[in-house]
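Have a look at structure_23.cif below; it lists mmCIF, C-alpha atoms.
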data_query
loop_
_atom_site.label_atom_id
_atom_site.label_comp_id
_atom_site.auth_asym_id
_atom_site.auth_seq_id
_atom_site.Cartn_x
_atom_site.Cartn_y
_atom_site.Cartn_z
CA MET A 187 0.00 0.00 0.00
CA THR A 188 1.50 3.29 -1.09
CA ILE A 189 0.32 6.87 -1.06
CA GLY A 190 0.88 7.15 -4.80
CA ASN A 191 -1.38 4.21 -5.53
CA THR A 192 -4.28 5.38 -3.39
CA GLU A 193 -3.90 8.91 -4.63
CA SER A 194 -3.99 7.82 -8.25
CA GLN A 195 -7.16 5.83 -7.55
CA MET A 196 -8.75 9.01 -6.17
CA ARG A 197 -7.74 10.98 -9.24
CA LYS A 198 -9.00 8.26 -11.57
CA GLY A 199 -12.40 8.37 -9.90
CA LEU A 200 -12.67 12.09 -10.49
CA LEU A 201 -11.37 12.08 -14.06
CA GLU A 202 -14.83 12.02 -15.65
CA LEU A 203 -15.96 15.00 -13.63
CA CYS A 204 -12.80 16.88 -14.64
CA ILE A 205 -13.14 16.06 -18.34
CA LEU A 206 -16.78 17.15 -18.43
CA GLY A 207 -15.88 20.25 -16.42
CA ILE A 208 -13.11 21.26 -18.82
CA ILE A 209 -15.30 20.73 -21.89
CA ARG A 210 -18.09 22.72 -20.25
CA LYS A 211 -15.77 25.58 -19.39
CA GLU A 212 -14.19 25.69 -22.84
CA LYS A 213 -17.53 25.07 -24.63
CA GLU A 214 -15.51 22.96 -27.10
CA ALA A 215 -12.26 21.16 -26.53
CA TYR A 216 -10.08 18.69 -28.40
CA PRO A 217 -8.28 15.89 -26.57
CA SER A 218 -4.85 17.53 -26.48
CA ASP A 219 -6.38 20.68 -24.91
CA ILE A 220 -8.05 18.53 -22.28
CA LEU A 221 -4.80 16.66 -21.66
CA GLU A 222 -2.92 19.93 -21.26
CA GLN A 223 -5.31 21.14 -18.56
CA LEU A 224 -5.44 17.77 -16.81
CA LYS A 225 -1.65 17.64 -16.73
CA MET A 226 -1.42 21.12 -15.27
CA ALA A 227 -3.78 20.02 -12.51
CA ARG A 228 -1.80 16.76 -12.09
CA MET A 229 -5.00 14.87 -12.84
CA VAL A 230 -3.68 12.52 -15.48
CA VAL A 231 -0.40 10.69 -15.82
CA LEU A 232 -0.98 8.47 -18.84
CA GLU A 233 -2.45 10.20 -21.89
CA GLY A 234 -3.93 6.96 -23.15
CA THR A 235 -6.46 6.85 -20.31
CA LEU A 236 -8.30 9.84 -21.75
CA TYR A 237 -9.33 8.35 -25.11
CA PRO A 238 -11.38 5.39 -23.91
CA LEU A 239 -13.15 7.67 -21.44
CA LEU A 240 -14.02 10.21 -24.13
CA THR A 241 -15.34 7.49 -26.42
CA ARG A 242 -17.42 5.96 -23.63
CA LEU A 243 -18.86 9.33 -22.68
CA LYS A 244 -19.65 10.00 -26.33
CA ASN A 245 -21.31 6.60 -26.81
CA ALA A 246 -23.37 7.22 -23.68
CA GLY A 247 -24.71 10.39 -25.30
CA MET A 248 -22.90 12.78 -22.96
CA LEU A 249 -20.61 14.24 -25.62
CA ASP A 250 -20.85 15.31 -29.21
CA TYR A 251 -17.98 16.12 -31.55
CA ARG A 252 -17.09 17.73 -34.86
CA TRP A 253 -13.94 17.52 -36.95
CA GLU A 254 -11.76 20.50 -37.55
CA GLU A 255 -8.66 20.76 -39.75
CA SER A 256 -5.47 21.64 -37.93
CA PRO A 257 -2.76 23.83 -39.43
CA SER A 258 0.05 21.73 -37.99
CA GLY A 259 -1.09 18.14 -37.57
CA PRO A 260 -3.89 15.69 -38.22
CA PRO A 261 -7.51 16.93 -38.04
CA ARG A 262 -8.87 17.42 -34.55
CA LYS A 263 -11.99 16.14 -32.88
CA TYR A 264 -13.65 18.95 -30.97
CA TYR A 265 -15.89 17.68 -28.20
CA SER A 266 -18.84 19.51 -26.67
CA LEU A 267 -21.38 18.61 -23.98
CA THR A 268 -24.81 17.40 -24.98
CA LYS A 269 -27.87 18.29 -22.92
CA SER A 270 -27.72 15.03 -21.01
CA GLY A 271 -23.96 15.48 -20.66
CA LEU A 272 -24.53 18.81 -18.95
CA LYS A 273 -27.12 17.23 -16.67
CA PHE A 274 -24.74 14.39 -15.87
CA TYR A 275 -22.00 16.89 -15.13
CA MET A 276 -24.26 18.86 -12.79
CA GLN A 277 -25.20 15.67 -10.94
CA LEU A 278 -21.57 14.61 -10.64
CA HIS A 279 -20.64 18.07 -9.47
CA THR A 280 -23.31 18.09 -6.76
CA ALA A 281 -22.27 14.60 -5.70
CA TRP A 282 -18.67 15.79 -5.48
CA GLN A 283 -19.63 18.85 -3.41
CA GLU A 284 -21.56 16.70 -0.99
CA LEU A 285 -18.77 14.17 -0.80
CA ARG A 286 -16.26 16.91 -0.15
CA HIS A 287 -18.28 18.36 2.70
CA THR A 288 -18.74 14.93 4.21
CA ILE A 289 -15.08 14.00 3.94
CA ASP A 290 -14.03 17.37 5.37
CA HIS A 291 -16.35 16.75 8.24
CA ILE A 292 -15.24 13.19 8.93
CA THR A 293 -11.56 14.06 8.79
CA GLU A 294 -11.83 17.27 10.78
CA PRO A 295 -9.33 17.17 13.63
CA MET B 279 22.13 1.06 -40.97
CA GLN B 280 18.42 1.76 -40.86
CA ARG B 281 15.85 1.67 -43.61
CA ILE B 282 13.41 4.56 -43.49
CA ILE B 283 9.85 3.80 -44.54
CA GLN B 284 6.80 5.96 -45.00
CA ILE B 285 3.71 5.12 -43.03
CA ASN B 286 0.24 6.59 -43.20
CA ILE B 287 -1.07 7.30 -39.77
CA ALA B 288 -4.25 9.33 -39.27
CA GLY B 289 -3.98 10.50 -42.87
CA ARG B 290 -0.44 11.85 -42.44
CA LEU B 291 2.63 10.53 -44.19
CA ILE B 292 5.28 9.95 -41.59
CA PRO B 293 8.88 8.85 -42.32
CA ILE B 294 9.88 6.30 -39.72
CA GLU B 295 12.83 3.97 -39.19
CA GLU B 296 12.22 0.26 -39.64
CA ASP B 297 12.68 -0.87 -36.03
CA ALA B 298 10.66 2.10 -34.75
CA TYR B 299 7.85 1.03 -37.07
CA GLN B 300 7.95 -2.54 -35.74
CA SER B 301 7.75 -1.26 -32.19
CA LEU B 302 4.83 1.05 -33.03
CA LYS B 303 3.02 -1.78 -34.80
CA ALA B 304 3.39 -4.02 -31.76
CA TYR B 305 2.10 -1.25 -29.51
CA ILE B 306 -1.02 -0.69 -31.60
CA ALA B 307 -1.61 -4.44 -31.72
CA SER B 308 -1.42 -4.53 -27.91
CA LEU B 309 -3.97 -1.70 -27.75
CA GLU B 310 -6.29 -3.62 -30.09
CA GLN B 311 -6.07 -6.58 -27.77
CA GLN B 312 -6.62 -4.46 -24.69
CA PHE B 313 -9.78 -2.86 -26.03
CA ALA B 314 -11.01 -5.98 -27.86
CA ASN B 315 -14.19 -6.23 -25.79
CA GLU B 316 -14.88 -2.55 -25.88
CA GLU B 317 -17.83 -1.29 -27.89
CA GLY B 318 -15.96 1.75 -29.16
CA LYS B 319 -12.70 -0.13 -29.80
CA ASP B 320 -12.05 1.11 -33.34
CA GLU B 321 -12.72 4.67 -32.37
CA ILE B 322 -10.47 4.55 -29.31
CA ILE B 323 -7.61 3.14 -31.40
CA GLN B 324 -8.23 5.75 -34.07
CA ASP B 325 -8.17 8.56 -31.52
CA ILE B 326 -4.92 7.26 -30.08
CA GLU B 327 -3.45 7.01 -33.60
CA TYR B 328 -4.42 10.64 -34.17
CA ARG B 329 -2.59 11.57 -31.00
CA ILE B 330 0.45 9.57 -32.08
CA ALA B 331 0.39 11.33 -35.45
CA GLU B 332 0.20 14.66 -33.68
CA LEU B 333 3.14 13.85 -31.41
CA PHE B 334 5.17 12.63 -34.44
CA SER B 335 4.32 15.84 -36.31
CA PHE B 336 5.65 17.90 -33.40
CA ARG B 337 8.83 15.81 -33.47
CA LEU B 338 9.31 16.22 -37.22
CA GLN B 339 8.71 19.97 -36.93
CA THR B 340 11.67 20.21 -34.57
CA GLY B 341 13.83 19.02 -37.46
CA ALA B 342 14.10 15.25 -37.05
CA PRO B 343 14.48 13.61 -40.50
CA ALA B 344 12.48 10.55 -39.39
CA ILE B 345 10.90 9.01 -36.34
CA ASP B 346 13.30 6.65 -34.60
CA LEU B 347 12.94 4.01 -31.92
CA ALA B 348 13.59 6.50 -29.09
CA ASP B 349 10.73 8.69 -30.35
CA VAL B 350 8.35 5.74 -30.42
CA ARG B 351 9.40 4.70 -26.92
CA LYS B 352 8.75 8.21 -25.69
CA VAL B 353 5.30 8.25 -27.29
CA ILE B 354 4.44 4.89 -25.71
CA GLU B 355 5.61 6.19 -22.36
CA THR B 356 3.43 9.30 -22.72
CA LEU B 357 0.35 7.36 -23.75
CA GLY B 358 0.94 4.49 -21.36
CA PRO B 359 1.41 0.76 -21.90
CA ALA B 360 -1.76 -0.97 -23.09
CA HIS B 361 -2.36 -2.96 -19.92
CA ASP B 362 -2.53 0.28 -17.91
CA LEU B 363 -5.18 1.81 -20.14
CA GLY B 364 -8.09 -0.54 -20.46
CA ASP B 365 -8.59 -1.08 -16.78
CA HIS B 366 -12.29 -0.29 -16.98
CA ASN B 367 -13.04 -1.55 -13.52
CA ASN B 368 -11.30 1.55 -12.34
CA TYR B 369 -13.42 3.74 -14.51
CA ILE B 370 -17.03 4.31 -14.11
CA ASN B 371 -18.92 3.23 -17.17
CA PRO B 372 -20.91 6.33 -18.03
CA ASN B 373 -23.97 4.24 -18.81
CA VAL B 374 -24.11 2.85 -15.34
CA PRO B 375 -23.55 5.79 -13.02
CA ALA B 376 -25.99 8.04 -14.86
CA HIS B 377 -28.63 5.48 -14.10
CA TYR B 378 -27.29 4.65 -10.74
CA THR B 379 -27.17 8.25 -9.53
CA ASN B 380 -30.67 8.90 -10.80
CA LYS B 381 -32.00 5.91 -8.96
CA GLN B 382 -30.09 6.79 -5.84
CA ARG B 383 -31.37 10.31 -6.01
CA GLU B 384 -34.96 9.13 -6.28
CA GLU B 385 -34.51 6.86 -3.31
CA LYS B 386 -32.94 9.68 -1.42
CA THR B 387 -35.81 12.05 -2.06
CA ASP B 388 -38.25 9.31 -1.15
CA THR B 389 -36.77 8.85 2.27
CA THR B 390 -36.53 12.57 2.88
CA LYS B 391 -40.00 13.56 1.74
CA ALA B 392 -40.36 15.13 5.16
CA GLY B 393 -38.21 17.94 3.76
CA ARG B 394 -35.01 19.58 4.75
CA LYS B 395 -33.78 20.36 8.17
CA LEU B 396 -32.35 23.63 9.29
CA TYR B 397 -28.93 23.44 10.89
CA ARG B 398 -26.15 25.88 11.37
CA ASN B 399 -23.59 25.19 8.70
CA PRO B 400 -20.15 24.61 10.24
CA HIS B 401 -18.52 24.71 6.79
CA ASN B 402 -19.88 28.06 5.73
CA ARG B 403 -19.65 30.37 8.66
CA MET B 404 -18.63 33.85 9.68
CA LEU B 405 -19.79 33.62 13.29
CA GLY B 406 -22.08 30.77 14.15
CA GLY B 407 -22.97 29.47 10.69
CA VAL B 408 -26.56 30.72 10.95
CA CYS B 409 -26.62 32.46 7.58
CA GLY B 410 -24.68 29.61 5.96
CA GLY B 411 -27.30 27.18 7.25
CA ILE B 412 -30.24 29.33 6.19
CA GLY B 413 -28.68 29.81 2.77
CA ARG B 414 -28.20 26.09 2.29
CA TYR B 415 -31.75 25.46 3.42
CA PHE B 416 -33.27 27.83 0.89
CA ASP B 417 -30.63 27.32 -1.83
CA ILE B 418 -29.66 30.98 -1.60
CA ASP B 419 -26.13 32.33 -1.47
CA PRO B 420 -25.37 32.85 2.25
CA VAL B 421 -23.82 36.22 1.37
CA ILE B 422 -27.30 37.53 0.53
CA ILE B 423 -28.65 36.30 3.87
CA ARG B 424 -25.71 37.97 5.63
CA LEU B 425 -26.44 41.22 3.81
CA ILE B 426 -30.08 41.12 4.90
CA PHE B 427 -29.01 40.52 8.47
CA ALA B 428 -26.51 43.37 8.27
CA LEU B 429 -29.12 45.76 6.84
CA PHE B 430 -31.52 44.76 9.60
CA PHE B 431 -28.87 45.52 12.12
CA ILE B 432 -28.01 48.92 10.71
CA PHE B 433 -31.53 50.17 10.08
CA ALA B 434 -33.59 48.44 12.68
CA GLY B 435 -31.08 47.32 15.24
CA ALA B 436 -32.83 43.98 15.49
CA GLY B 437 -30.53 41.96 13.23
CA LEU B 438 -27.99 41.18 15.90
CA LEU B 439 -30.64 40.08 18.35
CA VAL B 440 -32.33 37.89 15.74
CA TYR B 441 -28.95 36.42 14.84
CA ILE B 442 -28.09 35.61 18.45
CA VAL B 443 -31.47 34.00 19.02
CA ALA B 444 -31.05 31.96 15.82
CA TRP B 445 -27.54 30.98 16.92
CA ILE B 446 -28.95 29.60 20.17
CA VAL B 447 -32.06 28.02 18.70
CA ILE B 448 -30.75 26.38 15.52
CA PRO B 449 -28.60 23.34 16.19
CA VAL B 450 -25.26 22.99 14.45
CA ALA B 451 -24.99 20.14 11.94
CA LYS B 452 -22.71 17.72 13.71
CA THR B 453 -22.89 14.48 11.77
CA PRO B 454 -22.43 13.94 8.05
CA GLN B 455 -26.04 12.80 7.96
CA GLN B 456 -27.22 16.12 9.34
CA LEU B 457 -25.08 17.94 6.80
CA GLU B 458 -26.78 15.90 4.15
CA GLU B 459 -30.22 16.65 5.56
CA MET B 460 -29.61 20.36 5.20
CA HIS B 461 -29.71 20.01 1.49
CA SER B 462 -30.94 16.61 0.45
CA GLY B 463 -34.67 16.99 1.00
CA ASN B 464 -37.00 18.57 -1.47
CA PRO B 465 -36.05 22.18 -2.01
CA VAL B 466 -38.21 24.49 0.02
CA SER B 467 -40.02 26.84 -2.29
CA ILE B 468 -42.10 29.89 -1.56
CA HIS B 469 -45.03 27.91 -2.93
CA ASP B 470 -44.53 25.17 -0.34
CA MET B 471 -44.24 27.73 2.40
CA ALA B 472 -47.47 29.41 1.31
CA GLN B 473 -49.15 26.03 1.23
CA ASN B 474 -47.91 25.16 4.69
CA MET B 475 -49.08 28.52 5.91
CA SER B 476 -52.58 28.10 4.45
CA GLU B 477 -52.80 24.61 5.94
CA GLU B 478 -51.88 26.04 9.31
CA LEU B 479 -54.45 28.81 8.94
CA HIS B 480 -57.09 26.30 7.92
CA GLU B 481 -56.28 24.24 11.00
CA LEU B 482 -56.48 27.33 13.17
CA LYS B 483 -59.81 28.29 11.72
CA LYS B 484 -61.21 24.81 12.39
CA ARG B 485 -59.98 24.96 15.95
CA GLY B 486 -61.57 28.40 16.38
CA GLU B 487 -64.89 27.16 15.05
CA LYS B 488 -64.78 24.16 17.33
CA MET B 489 -63.99 26.33 20.29
CA SER B 490 -66.82 28.76 19.59
CA ARG B 491 -69.23 25.82 19.19
CA GLU B 492 -68.16 24.43 22.51
CA LEU B 493 -68.54 27.83 24.13
CA ARG B 494 -72.01 28.18 22.68
CA ASP B 495 -72.96 24.72 23.96
CA PHE B 496 -71.53 25.60 27.33
CA PHE B 497 -73.56 28.81 27.61
CA SER B 498 -76.78 27.32 26.23
CA ARG B 499 -76.56 24.50 28.76
CA LYS B 500 -76.11 27.07 31.50
CA LYS B 501 -79.32 28.72 30.58
#
So, in terms of structure tokens, how does the structure I just supplied come out?
Amino acid sequence: MTIGNTESQMRKGLLELCILGIIRKEKEAYPSDILEQLKMARMVVLEGTLYPLLTRLKNAGMLDYRWEESPSGPPRKYYSLTKSGLKFYMQLHTAWQELRHTIDHITEP
Amino acid sequence: MQRIIQINIAGRLIPIEEDAYQSLKAYIASLEQQFANEEGKDEIIQDIEYRIAELFSFRLQTGAPAIDLADVRKVIETLGPAHDLGDHNNYINPNVPAHYTNKQREEKTDTTKAGRKLYRNPHNRMLGGVCGGIGRYFDIDPVIIRLIFALFFIFAGAGLLVYIVAWIVIPVAKTPQQLEEMHSGNPVSIHDMAQNMSEELHELKKRGEKMSRELRDFFSRKK
């Protein structure tokens, strides 16, 4: 049992909330943008974990995307939240707020 | 000596050394295996290939003549080995939690039909958490409640007194369950309050009528 392991489990659990939050904030975001922000927040270590999550969220009707040409590389997939994606995000966000309060309370010295 | 070949990845032509190509091919094969049971397998692989193409493009823009084995190793390190990626037990399948949370939420509201409870909020407090608690109860920003209290205090002088009484009367939320109860019940709307009020008034009226009937009986018997 190591701190790093438990901590990364915590981060993994919150990854969906973060991804939806970033896309909501940016209105539209392509995976490398999302990765950039997640890395700055130390929320993701392996880039490859993002792609299956995005595809699953899209197949569950939470995300939509459109293609856009890029000046420097391959075309980019720009993701945006669908209506049910926004609702899902709001629910996750509330759940997180409640969880945070509860954990703060339990662990209060 | 290395042979350089051209590969097409995500619609881009990329010059790559032979052994680097073999390594990349093995990596993509391992991804295919990892996501074999995944509904969106092809799309996930495609997205990852797009990312690889993007990372290679960056590398070529810095002046590398071709992608070599070290570049491929770096890309694999950035993306993560296949067996670390498909661990879906660690991820919440979006289909499930959406459902799950909805159901949970329904159950929650069912058990708390009685409505919310008013507590002082120990996590949003200036003094005793009275305004924080009231705010959470009514879904209003506590700052607004504080402002109202402050205005009361300045113009009517009663705000402080009301606050102190509320501080004494309203219990502080001590357990996580109580914290939950502050917010988990049905939101209290003005409509509900008006309804409660009219029910109370109705009750009062009935009691008044009953009392006057009894009084009348009492006096008529006396006669």
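Shortest atom-to-atom contact with Met229 in chain A among A:Glu284, A:Asp250, A:Glu193, A:Glu212: A:Glu193, counting all atoms listed in the file.
Compared by their closest atoms to chain A, and using all atoms listed in the file, the residues B:Glu310, B:Glu296, B:Glu316, B:Glu332 rank with B:Glu332 nearest.
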Determine, counting only C-alpha atoms, which protein, DNA and RNA residues have an atom within 12 Å of an atom of Glu222 in chain A; residues of the same chain fewer than 4 positions away are not included. Present the result as a ChimeraX atom specification.
/A:205,208,215-218,226-233,236
Those same residues, written as a JSON list (two decimals), keeping the file's coordinate frame with C-alpha atoms?
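The new file again-v3.json reads:
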[["chain", "number", "residue", "atom", "x", "y", "z"],
["A", 205, "ILE", "CA", -13.14, 16.06, -18.34],
["A", 208, "ILE", "CA", -13.11, 21.26, -18.82],
["A", 215, "ALA", "CA", -12.26, 21.16, -26.53],
["A", 216, "TYR", "CA", -10.08, 18.69, -28.40],
["A", 217, "PRO", "CA", -8.28, 15.89, -26.57],
["A", 218, "SER", "CA", -4.85, 17.53, -26.48],
["A", 226, "MET", "CA", -1.42, 21.12, -15.27],
["A", 227, "ALA", "CA", -3.78, 20.02, -12.51],
["A", 228, "ARG", "CA", -1.80, 16.76, -12.09],
["A", 229, "MET", "CA", -5.00, 14.87, -12.84],
["A", 230, "VAL", "CA", -3.68, 12.52, -15.48],
["A", 231, "VAL", "CA", -0.40, 10.69, -15.82],
["A", 232, "LEU", "CA", -0.98, 8.47, -18.84],
["A", 233, "GLU", "CA", -2.45, 10.20, -21.89],
["A", 236, "LEU", "CA", -8.30, 9.84, -21.75]]
Which chain A residues have any atom within 6 Å of an atom of chain B, and for each, what is the nearest pair of atoms with distance in Å to one decimal, counting only C-alpha atoms, rows sorted by chain and number, as JSON lines?
{"residue": "A:Leu232", "atom": "CA", "partner": "B:Gly358", "partner_atom": "CA", "distance": 5.1}
{"residue": "A:Glu233", "atom": "CA", "partner": "B:Leu357", "partner_atom": "CA", "distance": 4.4}
{"residue": "A:Gly234", "atom": "CA", "partner": "B:Leu357", "partner_atom": "CA", "distance": 4.3}
{"residue": "A:Thr235", "atom": "CA", "partner": "B:Leu363", "partner_atom": "CA", "distance": 5.2}
{"residue": "A:Tyr237", "atom": "CA", "partner": "B:Ile322", "partner_atom": "CA", "distance": 5.8}
{"residue": "A:Pro238", "atom": "CA", "partner": "B:Ile322", "partner_atom": "CA", "distance": 5.5}
{"residue": "A:Leu243", "atom": "CA", "partner": "B:Pro372", "partner_atom": "CA", "distance": 5.9}
{"residue": "A:Ala246", "atom": "CA", "partner": "B:Asn373", "partner_atom": "CA", "distance": 5.7}
{"residue": "A:Gly259", "atom": "CA", "partner": "B:Glu332", "partner_atom": "CA", "distance": 5.4}
{"residue": "A:Thr288", "atom": "CA", "partner": "B:Pro454", "partner_atom": "CA", "distance": 5.4}
Within 6 Å of range 411-417 of chain B using all atoms listed in the file, minus same-chain residues under 5 positions, as a PyMOL selection string:
chain B and resi 397-399+460
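The shortest atom-to-atom distance to Lys263 in chain A, with all atoms listed in the file taken into account, belongs to A:Glu214 out of A:Pro295, A:Leu203, A:Lys225, A:Glu214.
A straight line drawn from CA of Lys395 in chain B to CA of Val450 in chain B is 10.9 Å long.
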Any chance you could work out the axis-aligned box around range 211-229 of chain A, listed atoms only, 4 Å on each side, giving centre and edge lengths in Å to one decimal, as JSON?
{"center_x": -9.5, "center_y": 20.3, "center_z": -20.2, "size_x": 24.1, "size_y": 18.8, "size_z": 24.3}
Go through B:Leu396, B:Ala428, B:Ile294, B:Ala344 one by one, measure the shortest atom-to-atom distance of each to Trp445 in chain B using all atoms listed in the file, and give the residue with the smallest value.
B:Leu396
Residue nearest Asp219 in chain A among A:Arg262, A:Met248, A:Gln283, A:Phe274 (counting all atoms listed in the file)
A:Arg262
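For the atom pair formed by CA of Cys204 in chain A and CA of Leu224 in chain A, the distance is 7.7 Å, given to one decimal.
Taking CA of Ser308 in chain B and CA of His361 in chain B as the two end points, the separation is 8.2 Å.
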